[in-house]
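Printed here is model-v2.txt (compact mmCIF, C-alpha atoms and all ligand atoms):
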# COMPACT_ATOMS: atom_id res chain seq x y z
CA MET A 1 209.81 45.25 86.68
CA GLN A 2 209.69 48.70 88.27
CA ALA A 3 213.00 50.59 88.13
CA LEU A 4 214.54 51.50 91.49
CA ARG A 5 214.03 55.16 92.25
CA SER A 6 216.30 57.49 94.19
CA ASP A 7 215.01 59.22 97.33
CA GLU A 8 214.67 62.45 95.36
CA GLN A 9 212.63 60.73 92.64
CA ILE A 10 210.32 59.21 95.28
CA ARG A 11 209.65 62.67 96.70
CA GLU A 12 209.06 64.06 93.22
CA VAL A 13 206.60 61.26 92.33
CA ASN A 14 204.80 61.78 95.66
CA THR A 15 204.45 65.48 94.96
CA ARG A 16 203.19 64.94 91.41
CA TYR A 17 200.77 62.16 92.33
CA HIS A 18 199.28 63.98 95.33
CA ASP A 19 199.03 67.32 93.49
CA VAL A 20 196.83 65.60 90.91
CA ALA A 21 194.91 63.53 93.46
CA ALA A 22 194.18 66.52 95.74
CA SER A 23 190.91 67.77 94.26
CA GLY A 24 189.20 64.35 94.32
CA TYR A 25 190.99 62.98 97.39
CA ASP A 26 188.26 63.39 100.03
CA ARG A 27 185.66 61.83 97.77
CA LYS A 28 187.87 58.91 96.71
CA TRP A 29 188.76 57.94 100.28
CA GLY A 30 185.40 58.81 101.83
CA ILE A 31 186.96 61.50 104.04
CA ASP A 32 184.26 62.99 106.15
CA PHE A 33 184.56 66.22 108.15
CA GLY A 34 181.28 65.62 109.99
CA PRO A 35 180.56 63.76 113.24
CA THR A 36 181.28 60.27 111.80
CA GLY A 37 184.76 61.23 110.63
CA ARG A 38 185.43 63.01 113.89
CA ALA A 39 184.43 59.94 115.93
CA GLN A 40 186.86 57.86 113.83
CA VAL A 41 189.78 60.22 114.39
CA LEU A 42 189.07 60.69 118.10
CA ALA A 43 188.91 56.92 118.63
CA LYS A 44 192.35 56.54 117.06
CA ALA A 45 193.81 59.48 118.97
CA ARG A 46 192.45 58.12 122.25
CA LYS A 47 193.88 54.70 121.51
CA GLY A 48 197.31 56.27 121.07
CA LEU A 49 197.28 59.11 123.57
CA GLY A 50 194.93 57.81 126.28
CA ALA A 51 194.19 60.34 129.02
CA ARG A 52 196.80 62.76 127.58
CA LEU A 53 194.26 63.60 124.91
CA ASP A 54 191.97 65.18 127.51
CA HIS A 55 194.71 67.60 128.61
CA GLY A 56 194.96 68.81 125.03
CA PHE A 57 198.00 70.12 123.13
CA ALA A 58 198.91 73.78 122.79
CA ARG A 59 201.03 73.45 119.64
CA ALA A 60 200.80 70.50 117.25
CA LEU A 61 202.55 69.73 113.96
CA GLU A 62 200.98 67.40 111.41
CA VAL A 63 203.31 65.93 108.77
CA GLY A 64 201.92 64.76 105.43
CA ALA A 65 198.64 66.34 106.48
CA GLY A 66 196.99 65.90 103.08
CA THR A 67 193.54 67.49 103.07
CA GLY A 68 193.51 67.66 106.87
CA TYR A 69 191.56 64.56 107.90
CA PHE A 70 193.42 63.96 111.15
CA GLY A 71 194.58 67.31 112.48
CA LEU A 72 191.51 69.35 111.52
CA HIS A 73 189.21 66.98 113.39
CA LEU A 74 191.39 67.10 116.53
CA THR A 75 191.51 70.89 116.33
CA GLN A 76 187.78 71.21 115.77
CA ALA A 77 187.13 68.93 118.75
CA GLY A 78 189.25 71.27 120.90
CA PHE A 79 192.20 68.95 121.58
CA ILE A 80 194.70 71.11 119.67
CA ALA A 81 194.90 74.87 120.16
CA GLU A 82 197.36 75.76 117.39
CA LEU A 83 197.86 73.39 114.46
CA THR A 84 200.60 73.62 111.81
CA CYS A 85 199.99 71.36 108.81
CA THR A 86 202.82 70.40 106.50
CA ASP A 87 202.86 68.42 103.27
CA ILE A 88 205.16 68.01 100.28
CA SER A 89 202.21 68.64 97.91
CA ALA A 90 201.02 72.20 97.40
CA GLY A 91 197.78 70.82 95.91
CA MET A 92 196.96 68.90 99.08
CA LEU A 93 197.68 71.94 101.26
CA GLU A 94 195.39 74.04 99.10
CA ALA A 95 192.59 71.51 99.62
CA LEU A 96 193.38 71.48 103.34
CA GLY A 97 193.16 75.27 103.50
CA ALA A 98 189.73 75.13 101.86
CA ASN A 99 188.55 72.46 104.33
CA ALA A 100 189.86 74.46 107.29
CA GLY A 101 188.06 77.54 105.96
CA ARG A 102 184.76 75.66 105.63
CA LEU A 103 185.14 74.40 109.20
CA GLY A 104 185.91 77.91 110.45
CA LEU A 105 189.36 76.90 111.79
CA GLU A 106 191.29 80.13 111.54
CA THR A 107 194.30 79.15 113.66
CA VAL A 108 195.46 76.41 111.26
CA GLN A 109 198.68 77.21 109.37
CA THR A 110 199.90 75.40 106.26
CA VAL A 111 203.59 75.09 105.34
CA ARG A 112 204.87 73.17 102.34
CA ALA A 113 207.69 70.95 103.65
CA ASP A 114 209.32 67.56 103.28
CA ALA A 115 208.85 65.49 106.46
CA GLU A 116 212.58 64.78 106.43
CA ARG A 117 213.52 68.48 106.52
CA LEU A 118 211.16 70.34 108.82
CA PRO A 119 211.57 74.12 108.70
CA PHE A 120 210.89 74.62 112.43
CA ALA A 121 213.05 75.40 115.45
CA ASP A 122 214.05 72.68 117.91
CA ARG A 123 211.49 71.94 120.65
CA SER A 124 208.64 73.87 118.97
CA PHE A 125 205.73 71.43 119.36
CA ASP A 126 203.87 69.48 122.06
CA LEU A 127 202.60 66.90 119.60
CA VAL A 128 203.88 65.65 116.21
CA LEU A 129 201.26 63.61 114.40
CA GLY A 130 200.52 62.02 111.05
CA HIS A 131 198.07 59.67 109.35
CA ALA A 132 199.05 57.39 106.45
CA ILE A 133 202.33 59.24 105.85
CA LEU A 134 205.30 57.18 107.08
CA HIS A 135 204.95 54.59 104.29
CA HIS A 136 205.72 57.34 101.71
CA LEU A 137 209.02 58.53 103.24
CA PRO A 138 212.31 57.37 101.70
CA ASP A 139 214.57 58.10 104.71
CA LEU A 140 212.64 57.17 107.83
CA ASP A 141 215.60 57.49 110.23
CA ARG A 142 216.05 61.06 109.11
CA ALA A 143 212.31 61.78 109.42
CA PHE A 144 212.13 60.38 112.96
CA GLY A 145 215.20 62.42 113.87
CA GLU A 146 213.29 65.51 112.73
CA PHE A 147 210.14 64.55 114.68
CA ARG A 148 212.18 64.26 117.86
CA ARG A 149 214.11 67.49 117.18
CA VAL A 150 210.99 69.64 116.83
CA LEU A 151 209.24 68.05 119.85
CA ARG A 152 209.62 69.71 123.20
CA PRO A 153 210.86 67.45 126.02
CA GLY A 154 207.84 65.53 127.28
CA GLY A 155 206.06 65.99 123.94
CA ARG A 156 204.34 63.09 122.15
CA ILE A 157 204.23 61.57 118.67
CA LEU A 158 201.15 59.88 117.20
CA PHE A 159 201.17 58.12 113.81
CA ALA A 160 198.18 56.11 112.64
CA GLY A 161 197.05 54.38 109.46
CA GLU A 162 200.39 52.77 108.56
CA PRO A 163 200.09 49.50 106.59
CA SER A 164 201.41 46.40 108.33
CA SER A 165 203.47 44.00 106.20
CA LEU A 166 201.34 40.94 106.97
CA GLY A 167 198.04 42.85 106.87
CA ASP A 168 198.99 44.24 103.47
CA ARG A 169 199.76 40.76 102.11
CA ILE A 170 196.43 39.42 103.41
CA ALA A 171 194.59 42.38 101.85
CA ARG A 172 195.67 41.19 98.39
CA LEU A 173 193.00 38.47 98.65
CA PRO A 174 189.96 40.78 98.84
CA LYS A 175 191.54 42.99 96.16
CA ARG A 176 191.86 39.99 93.83
CA ALA A 177 188.39 38.74 94.70
CA ALA A 178 187.01 42.17 93.77
CA LEU A 179 188.59 42.02 90.32
CA LEU A 180 186.99 38.61 89.72
CA ALA A 181 183.58 39.71 90.99
CA ALA A 182 183.59 43.11 89.26
CA PRO A 183 181.87 42.14 85.96
CA LEU A 184 178.96 40.53 87.83
CA TRP A 185 178.73 43.45 90.26
CA ARG A 186 178.63 46.00 87.41
CA ARG A 187 175.96 44.02 85.63
CA ALA A 188 173.83 43.93 88.79
CA LEU A 189 174.17 47.71 89.18
CA GLY A 190 173.86 48.50 85.46
CA ALA A 191 177.27 50.22 85.64
CA ALA A 192 179.55 50.56 82.61
CA PRO A 193 183.22 49.56 82.94
CA ILE A 194 185.60 52.51 82.93
CA ASP A 195 187.80 52.93 79.87
CA THR A 196 191.55 52.84 80.22
CA PRO A 197 192.50 56.39 79.26
CA ASP A 198 195.56 57.28 77.25
CA ASP A 199 198.22 58.87 79.50
CA GLN A 200 199.32 61.22 76.72
CA GLN A 201 195.86 62.70 76.39
CA GLN A 202 194.94 62.57 80.06
CA PRO A 203 197.97 63.36 82.23
CA ALA A 204 195.79 63.11 85.35
CA ALA A 205 195.11 59.46 84.60
CA GLY A 206 198.85 58.88 84.17
CA ALA A 207 199.52 60.39 87.56
CA HIS A 208 196.88 58.17 89.14
CA ARG A 209 198.83 55.18 87.89
CA LEU A 210 201.69 56.38 90.07
CA GLU A 211 199.69 55.25 93.11
CA ALA A 212 201.65 51.99 93.32
CA GLU A 213 204.92 53.93 93.20
CA VAL A 214 204.24 56.25 96.12
CA ASP A 215 203.58 53.48 98.66
CA ILE A 216 207.15 52.45 99.35
CA HIS A 217 206.97 50.71 102.76
CA THR A 218 204.91 48.38 104.84
CA PHE A 219 205.95 47.79 108.45
CA THR A 220 206.14 45.11 111.08
CA PRO A 221 205.26 46.44 114.54
CA GLY A 222 208.90 45.83 115.55
CA GLN A 223 210.23 48.00 112.69
CA LEU A 224 208.07 50.94 113.72
CA GLU A 225 209.09 50.54 117.34
CA ARG A 226 212.79 50.45 116.40
CA LEU A 227 212.46 53.61 114.31
CA ALA A 228 210.97 55.52 117.21
CA ARG A 229 213.43 54.17 119.79
CA GLY A 230 216.34 54.70 117.39
CA ALA A 231 215.46 58.42 117.29
CA GLY A 232 215.65 58.58 121.10
CA LEU A 233 211.90 58.41 121.80
CA VAL A 234 210.66 56.50 124.85
CA ASP A 235 207.39 55.03 126.11
CA VAL A 236 206.89 53.63 122.59
CA ASP A 237 203.84 51.54 121.79
CA VAL A 238 202.52 50.01 118.54
CA ARG A 239 198.91 48.83 118.17
CA GLY A 240 197.09 47.07 115.33
CA GLU A 241 193.69 48.12 113.99
CA GLU A 242 191.16 46.82 111.45
CA LEU A 243 190.95 43.34 110.03
CA LEU A 244 187.41 42.47 108.90
CA ALA A 245 186.68 46.14 108.20
CA ASN A 246 189.70 46.28 106.01
CA TRP A 247 188.89 43.20 103.95
CA PHE A 248 185.37 44.52 103.43
CA GLY A 249 186.73 47.97 102.52
CA TRP A 250 189.31 46.72 99.99
CA PHE A 251 186.78 44.42 98.37
CA ASN A 252 184.25 47.21 97.88
CA ARG A 253 186.86 49.74 96.80
CA GLY A 254 188.17 47.20 94.29
CA LEU A 255 184.69 46.85 92.79
CA GLU A 256 184.05 50.60 92.73
CA ALA A 257 187.37 51.29 91.00
CA THR A 258 186.15 49.38 87.91
CA ALA A 259 183.07 51.59 87.30
CA ALA A 260 182.55 55.26 86.54
CA ASP A 261 182.00 57.27 89.72
CA THR A 262 178.58 58.42 88.53
CA ASP A 263 177.41 54.82 87.96
CA VAL A 264 177.91 53.81 91.60
CA PRO A 265 174.56 54.44 93.30
CA TRP A 266 174.09 56.29 96.57
CA TRP A 267 172.63 53.26 98.34
CA TRP A 268 175.72 51.18 97.48
CA ARG A 269 178.04 53.85 98.91
CA GLN A 270 175.92 53.96 102.07
CA TYR A 271 176.05 50.17 102.40
CA ALA A 272 179.84 50.17 101.90
CA PHE A 273 180.42 52.99 104.38
CA ARG A 274 178.00 51.79 107.10
CA GLY A 275 179.20 48.19 106.72
CA TYR A 276 182.79 49.34 107.15
CA LEU A 277 181.90 51.24 110.34
CA CYS A 278 180.07 48.22 111.81
CA LEU A 279 182.98 45.89 111.09
CA GLN A 280 185.40 48.41 112.52
CA LYS A 281 183.44 48.27 115.80
CA LEU A 282 183.51 44.48 115.71
CA ASP A 283 187.28 44.49 115.09
CA ARG A 284 187.80 46.89 117.99
CA ALA A 285 185.67 44.96 120.46
CA ALA A 286 186.28 41.35 119.51
CA LEU A 287 189.56 41.02 117.60
CA GLU A 288 192.01 43.80 118.50
CA PRO A 289 192.36 42.79 122.16
CA HIS A 290 193.11 39.16 121.30
CA LEU A 291 194.97 38.81 117.99
CA PRO A 292 198.66 39.65 117.30
CA THR A 293 199.31 43.30 116.35
CA GLY A 294 201.00 42.46 113.03
CA LEU A 295 197.92 40.67 111.69
CA PHE A 296 195.88 43.88 111.44
CA TYR A 297 196.05 46.14 108.41
CA ASN A 298 196.71 49.47 110.14
CA LEU A 299 199.40 50.17 112.70
CA LEU A 300 199.28 52.99 115.22
CA LEU A 301 202.52 54.23 116.81
CA THR A 302 202.97 56.44 119.85
CA GLY A 303 205.93 57.57 121.89
CA GLY A 304 207.40 60.58 123.63
CA ARG A 305 210.53 62.68 123.97
CA PRO A 306 212.07 62.18 127.42
CA GLU A 307 211.46 65.08 129.85
CA ASP A 308 215.16 65.41 130.61
CA SER A 309 216.42 65.47 127.01
C1 LIG A 401 198.09 58.91 101.94
S1 LIG A 401 198.19 60.65 102.01
C2 LIG A 401 197.54 60.94 103.65
C3 LIG A 401 197.04 62.34 103.82
C4 LIG A 401 196.38 62.61 105.16
N1 LIG A 401 197.31 62.49 106.25
C5 LIG A 401 195.20 61.69 105.36
O1 LIG A 401 195.27 60.81 106.22
O2 LIG A 401 194.21 61.82 104.63
C6 LIG A 401 199.90 60.96 102.22
C7 LIG A 401 200.30 62.41 102.24
O3 LIG A 401 201.71 62.49 102.49
C8 LIG A 401 202.26 63.49 101.66
N2 LIG A 401 203.69 63.20 101.49
C9 LIG A 401 204.28 62.26 100.72
N3 LIG A 401 205.60 62.31 100.85
C10 LIG A 401 205.88 63.31 101.71
C11 LIG A 401 207.08 63.85 102.23
N4 LIG A 401 208.28 63.39 101.89
N5 LIG A 401 206.99 64.87 103.11
C12 LIG A 401 205.78 65.38 103.46
N6 LIG A 401 204.62 64.92 102.99
C13 LIG A 401 204.67 63.89 102.12
C14 LIG A 401 201.45 63.41 100.40
O4 LIG A 401 201.55 64.58 99.62
C15 LIG A 401 200.06 63.14 100.94
O5 LIG A 401 199.36 64.33 101.20

Mind turning the file's structure into structure tokens?
Ligand SMILES: C[S@@+](CC[C@H](N)C(=O)[O-])C[C@H]1O[C@@H](n2cnc3c(N)ncnc32)[C@H](O)[C@@H]1O
Amino acid sequence: MQALRSDEQIREVNTRYHDVAASGYDRKWGIDFGPTGRAQVLAKARKGLGARLDHGFARALEVGAGTGYFGLHLTQAGFIAELTCTDISAGMLEALGANAGRLGLETVQTVRADAERLPFADRSFDLVLGHAILHHLPDLDRAFGEFRRVLRPGGRILFAGEPSSLGDRIARLPKRAALLAAPLWRRALGAAPIDTPDDQQQPAAGAHRLEAEVDIHTFTPGQLERLARGAGLVDVDVRGEELLANWFGWFNRGLEATAADTDVPWWWRQYAFRGYLCLQKLDRAALEPHLPTGLFYNLLLTGGRPEDS
């Protein structure tokens, strides 16, 4: 059984794991800084911000920005004028800086910071955003208190890509199915199984095993809503996204994780990526409007600081 970790240890493991993961992060998660990735991010931002997105945001803060997937796309598309990206991992921020440089985004600032202790003045930002970050934070009440503090009155929050408790439990099925199907799949592709490296000799591999230890929460829609309201935010809304796309994605990722990267052919990656995008469209059009929020894998949270606060 895994030993209980203190909040400080969770932050330390997050830093160590993400520092190691940084250089291969975009490749591992299929992060794309071209038009496809941008369309994905804009669809999520529009879902959460609606028409407010078109007015744009003068100053935005991204927490747990990683390599920049969310904020860089919104900045490149012209919806954010000045973006400050924070993360607890220096390695991730270094990768983000390189991505911003390649995209020619000179106004993007990076600041290494814990999401629960933001080194910014009160009321500094029009938008506080994050993608796949809340489930790593040990003290969520404290973090939401910080988000509200640094928001100007009338400012908005947008958090996407948070795992739902039920969606996460359902996703164990395709993950298990992938493990069962993996030997057949590798044989069909002529791919060799990856060895299990020795942590002593390959510290990077040891850090990758920490993956299970950095994901410390899943959420019900009600829990996310209570966190935002508890911090004094209003106009709070939680939406669910991705069901079929997610099962398909976890199944394929589960297969791919059992083979060396170089043995997975280009056409397979294309099939996995394109298939995921098609199912995402199907989820959006046919399932999201009708099924309960908590059934979906990803939750998207929005809210705002009251004008008179
Ligand atoms: C799953 S990654 C998501 C990165 C990026 N937002 C994306 O969507 O690709 C989570 C990020 O949160 C960062 N993180 C973890 N704990 C944090 C904390 N306490 N404060 C700030 N960032 C943290 C990690 O270093 C990592 O970059």

Kindly compute an axis-aligned box around the listed atoms of ligand LIG 401 (chain A), allowing 6 Å on each side, and express its centre and edge lengths in Å to one decimal as lines of an AutoDock Vina configuration file.
center_x = 201.2
center_y = 62.1
center_z = 102.9
size_x = 26.1
size_y = 18.5
size_z = 18.6

Review point. So how far away is atom CA of A:Gly71 from atom CA of A:Val108, in Å?
Key: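 Between these atoms lies a distance of 9.2 Å.
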
**Study point:** Near-A:Leu151 list (12 Å; all atoms listed in the file; drop same-chain fewer than 2 positions) as JSON, numbers by chain
**Key:** {"A": [57, 59, 60, 61, 62, 118, 120, 121, 122, 123, 124, 125, 126, 127, 128, 129, 144, 145, 146, 147, 148, 149, 153, 154, 155, 156, 157, 158, 231, 232, 233, 303, 304, 305, 306, 307, 309]}

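Compared by their closest atoms to A:Thr220, and using all atoms listed in the file, the residues A:Ser164, A:Thr258, A:Asn252, A:Ser89 rank with A:Ser164 nearest.
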
Review point. In terms of the shortest atom-to-atom distance over only C-alpha atoms and all ligand atoms, which of A:Leu173, A:Ala192, A:Leu140, A:Leu53 is closest to ligand LIG 401 (chain A)?
Key: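 Under the stated criterion, the closest residue is A:Leu140.
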
Review point. Which one of A:Asp261, A:Glu82, A:Asp168, A:Glu211 sits closest to A:Asn246 if you count all atoms listed in the file?
Key: A:Asp168

Revision key, fill the gap. Counting only C-alpha atoms and all ligand atoms, the residue among A:Ala39, A:Ala132, A:Leu255, A:Val238 that lies closest to ligand LIG 401 (chain A) is A:Ala132

Check your understanding: Hey, what's within 12 Å of A:Ala171 if we count only C-alpha atoms and toss same-chain stuff fewer than 5 positions away? As a list of chain:residue names, please?
Key ->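 Non-adjacent residues within range: A:Pro163, A:Ser164, A:Ser165, A:Leu166, A:Arg176, A:Ala177, A:Ala178, A:Glu242, A:Leu243, A:Leu244, A:Ala245, A:Asn246, A:Trp247, A:Phe248, A:Gly249, A:Trp250, A:Phe251, A:Arg253, A:Gly254, A:Leu295, A:Phe296, A:Tyr297, A:Asn298.
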
Can you write out as CSV which residues of chain A fall within 6 Å of ligand LIG 401 (chain A), alongside each residue's closest atom pair and its distance in Å to one decimal, counting all atoms listed in the file and ordering rows by chain and ascending residue number?
residue,atom,partner,partner_atom,distance
A:Arg11,CA,A:LIG401,N4,5.4
A:Asn14,CA,A:LIG401,C9,5.1
A:Thr15,CA,A:LIG401,O4,5.6
A:His18,CA,A:LIG401,O4,4.9
A:Val63,CA,A:LIG401,C12,5.9
A:Gly64,CA,A:LIG401,N6,3.6
A:Ala65,CA,A:LIG401,N1,4.1
A:Gly66,CA,A:LIG401,O5,3.4
A:Thr67,CA,A:LIG401,O2,5.9
A:Tyr69,CA,A:LIG401,O2,5.0
A:Asp87,CA,A:LIG401,N6,3.9
A:Ile88,CA,A:LIG401,N6,4.1
A:Ser89,CA,A:LIG401,O4,4.5
A:Met92,CA,A:LIG401,O5,5.6
A:Ala113,CA,A:LIG401,C12,5.9
A:Asp114,CA,A:LIG401,N5,3.6
A:Ala115,CA,A:LIG401,N5,3.9
A:Gly130,CA,A:LIG401,N1,5.8
A:His131,CA,A:LIG401,N1,4.3
A:Ala132,CA,A:LIG401,C2,4.8
A:Ile133,CA,A:LIG401,C6,4.7
A:His136,CA,A:LIG401,N3,5.0
A:Leu137,CA,A:LIG401,N4,5.1

Point to revise | Residue neighbourhood A:His135, 10 Å, only C-alpha atoms, exclusion window fewer than 6 positions, as a VMD selection string | key: chain A and resid 161 to 164 214 to 219

Which residues are close to stretch 42-49 of chain A, i.e. within 8 Å by only C-alpha atoms, leaving aside same-chain residues fewer than 3 positions away? Reply as a compact mmCIF listing (two decimals) with C-alpha atoms, in the frame of the given file.
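Once written, around.txt looks like this:
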# COMPACT_ATOMS: atom_id res chain seq x y z
CA ARG A 38 185.43 63.01 113.89
CA ALA A 39 184.43 59.94 115.93
CA ARG A 52 196.80 62.76 127.58
CA LEU A 53 194.26 63.60 124.91
CA HIS A 73 189.21 66.98 113.39
CA LEU A 74 191.39 67.10 116.53
CA LEU A 158 201.15 59.88 117.20
CA ALA A 160 198.18 56.11 112.64
CA LEU A 300 199.28 52.99 115.22
CA LEU A 301 202.52 54.23 116.81
CA THR A 302 202.97 56.44 119.85

Point to revise | Separation of atom CA of A:Arg274 from atom CA of A:Leu184 in Å | key: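 Straight-line distance from atom CA of A:Leu184 to atom CA of A:Arg274 works out to 22.3 Å.
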
Exercise for review: Please measure the separation of atom CA of A:Arg229 and atom CA of A:Glu288, giving the value in Å to one decimal.
Suggested key: 23.8 Å

Exercise for review: Go through A:Leu93, A:Ala257, A:Val111, A:Gln40 and flag the residue nearest A:Gln280, using all atoms listed in the file for the distances.
Suggested key: A:Gln40

Review point. Of the candidates A:Gly101, A:Pro292, A:Gly30, A:Gly91, which shows the shortest atom-to-atom distance to A:Arg16, using all atoms listed in the file?
Key: A:Gly91

Reconstruct N, CA and C atoms of stretch 96-122 of chain A; output as a compact mmCIF listing (two decimals), in the frame of the given file.
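Saved the output as selection11.txt:
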# COMPACT_ATOMS: atom_id res chain seq x y z
N LEU A 96 193.48 71.41 101.88
CA LEU A 96 193.38 71.48 103.34
C LEU A 96 192.93 72.88 103.79
N GLY A 97 193.53 73.89 103.15
CA GLY A 97 193.16 75.27 103.50
C GLY A 97 191.67 75.51 103.27
N ALA A 98 191.16 74.96 102.16
CA ALA A 98 189.73 75.13 101.86
C ALA A 98 188.88 74.41 102.90
N ASN A 99 189.30 73.21 103.30
CA ASN A 99 188.55 72.46 104.33
C ASN A 99 188.57 73.21 105.66
N ALA A 100 189.75 73.72 106.02
CA ALA A 100 189.86 74.46 107.29
C ALA A 100 188.95 75.69 107.26
N GLY A 101 188.92 76.36 106.12
CA GLY A 101 188.06 77.54 105.96
C GLY A 101 186.60 77.19 106.16
N ARG A 102 186.16 76.09 105.50
CA ARG A 102 184.76 75.66 105.63
C ARG A 102 184.41 75.33 107.07
N LEU A 103 185.41 74.79 107.81
CA LEU A 103 185.14 74.40 109.20
C LEU A 103 185.32 75.57 110.17
N GLY A 104 185.74 76.71 109.62
CA GLY A 104 185.91 77.91 110.45
C GLY A 104 187.13 77.82 111.37
N LEU A 105 188.17 77.05 110.94
CA LEU A 105 189.36 76.90 111.79
C LEU A 105 190.42 77.91 111.36
N GLU A 106 190.41 79.05 112.00
CA GLU A 106 191.29 80.13 111.54
C GLU A 106 192.72 80.03 112.05
N THR A 107 192.94 79.20 113.09
CA THR A 107 194.30 79.15 113.66
C THR A 107 195.20 78.14 112.94
N VAL A 108 194.66 77.45 111.93
CA VAL A 108 195.46 76.41 111.26
C VAL A 108 196.38 77.05 110.22
N GLN A 109 197.67 76.69 110.32
CA GLN A 109 198.68 77.21 109.37
C GLN A 109 199.09 76.11 108.42
N THR A 110 199.37 76.43 107.17
CA THR A 110 199.90 75.40 106.26
C THR A 110 201.30 75.82 105.80
N VAL A 111 202.21 74.84 105.78
CA VAL A 111 203.59 75.09 105.34
C VAL A 111 204.01 73.93 104.45
N ARG A 112 204.42 74.25 103.23
CA ARG A 112 204.87 73.17 102.34
C ARG A 112 206.26 72.72 102.80
N ALA A 113 206.39 71.44 103.15
CA ALA A 113 207.69 70.95 103.65
C ALA A 113 207.78 69.45 103.51
N ASP A 114 209.00 68.99 103.28
CA ASP A 114 209.32 67.56 103.28
C ASP A 114 209.43 67.12 104.74
N ALA A 115 208.84 65.98 105.07
CA ALA A 115 208.85 65.49 106.46
C ALA A 115 210.27 65.22 106.96
N GLU A 116 211.21 65.06 106.01
CA GLU A 116 212.58 64.78 106.43
C GLU A 116 213.41 66.05 106.64
N ARG A 117 212.81 67.21 106.33
CA ARG A 117 213.52 68.48 106.52
C ARG A 117 212.49 69.48 107.01
N LEU A 118 212.24 69.48 108.30
CA LEU A 118 211.16 70.34 108.82
C LEU A 118 211.68 71.75 109.11
N PRO A 119 211.04 72.76 108.55
CA PRO A 119 211.57 74.12 108.70
C PRO A 119 211.09 74.79 110.00
N PHE A 120 211.34 74.09 111.12
CA PHE A 120 210.89 74.62 112.43
C PHE A 120 212.04 74.51 113.43
N ALA A 121 212.00 75.40 114.42
CA ALA A 121 213.05 75.40 115.45
C ALA A 121 212.94 74.15 116.32
N ASP A 122 214.04 73.79 116.96
CA ASP A 122 214.05 72.68 117.91
C ASP A 122 212.98 72.94 118.98
